[in-house]
Amino acid sequence: MSTVIEQPVEARLVAAAPRMPSIPATLRYDRSDPFAVRMTFPAPATLEGVEVCWTFSRELLAAGLEAPEGHGDVRVRPYGYDRTVLEFHAPEGTAVVHVRSGEIRRFLESTGELVPVGLEHLQLDLDDGLAELMRDAA
């Protein structure tokens with residue numbers, strides 16, 4: 001069984017202009033970092049012209065499907081019947097995208113099959129992490 005799940009999603013950028021261009025994005029989950037989800041936007045879709053990757057908790061993404069969640073750089077909330085809004089806050093500005101809720105649910109179901117919610121801690125190698133901390137302290 002693979003230890004990484006990647007799912008392309010269609011994100012629609014919310015801008016001041018009335019049209020909402022589609023942006024290909026990728027949701028990624030890695031068993032080795034079981035609490036985190038990454039959402040990557042390709043270089044052509046960013047202001048800087050470089051790929052941008054945001055990391056946030058799987059719990060935030062799941063909770064944001066049902067009610068507004070997040071108080072920091074990433075915020076998630078439901079929007080209407082079938083959309084979810086993700087807000088990404090950076091010093092350069094804020095990007096707001098809509099993603100179909102069904103795509104997010106499908107992604108979360110796949111991550112749950114790989115690492116069930118509540119059992120993430122079993123994926124962590126605490127002995128290696130502690131050994132690394134001790135090496136750095138010496």
# chains A, B, ... in the order shown; residues from 1 in each chain; ligands from 1

call {"tool": "residues_around", "arguments": {"residues": "A:Ala67", "least_positions_apart": "6", "cutoff": "9 Å", "atoms": "only C-alpha atoms", "output": "ChimeraX atom specification"}}
result
/A:76-78

call {"tool": "write_last_selection", "arguments": {"atoms": "all heavy atoms", "output": "PDB file, in the first residue's frame"}}
result
ATOM      1  N   VAL A  76     -10.678  27.613   6.533  1.00  0.00           N
ATOM      2  CA  VAL A  76     -11.539  26.784   5.687  1.00  0.00           C
ATOM      3  C   VAL A  76     -12.977  26.955   6.155  1.00  0.00           C
ATOM      4  O   VAL A  76     -13.244  26.982   7.358  1.00  0.00           O
ATOM      5  CB  VAL A  76     -11.118  25.289   5.791  1.00  0.00           C
ATOM      6  CG1 VAL A  76     -11.944  24.432   4.838  1.00  0.00           C
ATOM      7  CG2 VAL A  76      -9.625  25.109   5.512  1.00  0.00           C
ATOM      8  N   ARG A  77     -13.910  27.042   5.174  1.00  0.00           N
ATOM      9  CA  ARG A  77     -15.322  27.165   5.538  1.00  0.00           C
ATOM     10  C   ARG A  77     -16.193  26.635   4.395  1.00  0.00           C
ATOM     11  O   ARG A  77     -15.802  26.688   3.228  1.00  0.00           O
ATOM     12  CB  ARG A  77     -15.679  28.602   5.862  1.00  0.00           C
ATOM     13  CG  ARG A  77     -15.666  29.538   4.694  1.00  0.00           C
ATOM     14  CD  ARG A  77     -16.060  30.963   5.106  1.00  0.00           C
ATOM     15  NE  ARG A  77     -16.151  31.854   3.977  1.00  0.00           N
ATOM     16  CZ  ARG A  77     -15.137  32.503   3.438  1.00  0.00           C
ATOM     17  NH1 ARG A  77     -13.931  32.376   3.958  1.00  0.00           N
ATOM     18  NH2 ARG A  77     -15.314  33.292   2.395  1.00  0.00           N
ATOM     19  N   PRO A  78     -17.375  26.154   4.750  1.00  0.00           N
ATOM     20  CA  PRO A  78     -18.302  25.720   3.701  1.00  0.00           C
ATOM     21  C   PRO A  78     -18.850  26.938   2.951  1.00  0.00           C
ATOM     22  O   PRO A  78     -18.930  28.029   3.502  1.00  0.00           O
ATOM     23  CB  PRO A  78     -19.417  25.006   4.469  1.00  0.00           C
ATOM     24  CG  PRO A  78     -19.308  25.469   5.876  1.00  0.00           C
ATOM     25  CD  PRO A  78     -17.912  25.952   6.098  1.00  0.00           C
TER      26      PRO A  78
END

call {"tool": "closest_residue", "arguments": {"among": "A:Val97, A:Phe88, A:Thr3, A:Asp73", "to": "A:Arg31", "atoms": "only C-alpha atoms"}}
result
A:Thr3

call {"tool": "closest_residue", "arguments": {"among": "A:Leu60, A:Val117, A:Trp54, A:Glu109", "to": "A:Ala90", "atoms": "only C-alpha atoms"}}
result
A:Trp54

call {"tool": "atom_distance", "arguments": {"atom1": "atom CA of A:Leu65", "atom2": "atom CA of A:Cys53"}}
result
20.5 Å

call {"tool": "select_by_dssp", "arguments": {"residues": "stretch 63-95 of chain A", "states": "strand (DSSP E or B)", "output": "ChimeraX atom specification"}}
result
/A:69,74-79,83-90,93-95

call {"tool": "write_last_selection", "arguments": {"atoms": "C-alpha atoms", "output": "compact mmCIF listing (two decimals), in the first residue's frame"}}
result
# COMPACT_ATOMS: atom_id res chain seq x y z
CA GLU A 69 -12.40 26.87 10.96
CA VAL A 74 -5.12 28.91 6.50
CA ARG A 75 -8.87 29.14 7.01
CA VAL A 76 -11.54 26.78 5.69
CA ARG A 77 -15.32 27.16 5.54
CA PRO A 78 -18.30 25.72 3.70
CA TYR A 79 -19.80 27.78 0.88
CA ARG A 83 -18.25 24.24 -2.32
CA THR A 84 -15.62 24.77 0.31
CA VAL A 85 -13.61 27.98 0.61
CA LEU A 86 -9.93 27.86 1.49
CA GLU A 87 -8.23 31.14 2.41
CA PHE A 88 -4.44 31.37 2.38
CA HIS A 89 -3.04 34.41 4.21
CA ALA A 90 0.54 35.56 3.55
CA GLY A 93 -1.78 39.09 0.38
CA THR A 94 -4.64 36.64 0.65
CA ALA A 95 -5.66 34.01 -1.88

call {"tool": "closest_residue", "arguments": {"among": "A:Phe35, A:Thr40, A:Ala62, A:Glu92", "to": "A:Phe107", "atoms": "only C-alpha atoms"}}
result
A:Ala62

call {"tool": "closest_residue", "arguments": {"among": "A:Ser2, A:Thr111, A:Ser101, A:Ser22", "to": "A:Ala45", "atoms": "only C-alpha atoms"}}
result
A:Ser22

call {"tool": "select_by_dssp", "arguments": {"residues": "stretch 73-115 of chain A", "states": "helix (DSSP H, G or I)", "output": "PyMOL selection string"}}
result
chain A and resi 101-114

call {"tool": "closest_residue", "arguments": {"among": "A:Pro44, A:Arg135, A:Gly70, A:Glu6", "to": "A:Phe56", "atoms": "only C-alpha atoms"}}
result
A:Gly70

call {"tool": "atom_distance", "arguments": {"atom1": "atom CA of A:Val50", "atom2": "atom CA of A:Val4"}}
result
23.0 Å

call {"tool": "closest_residue", "arguments": {"among": "A:Val99, A:Leu114, A:Ile104, A:Met39", "to": "A:Ala63", "atoms": "only C-alpha atoms"}}
result
A:Ile104
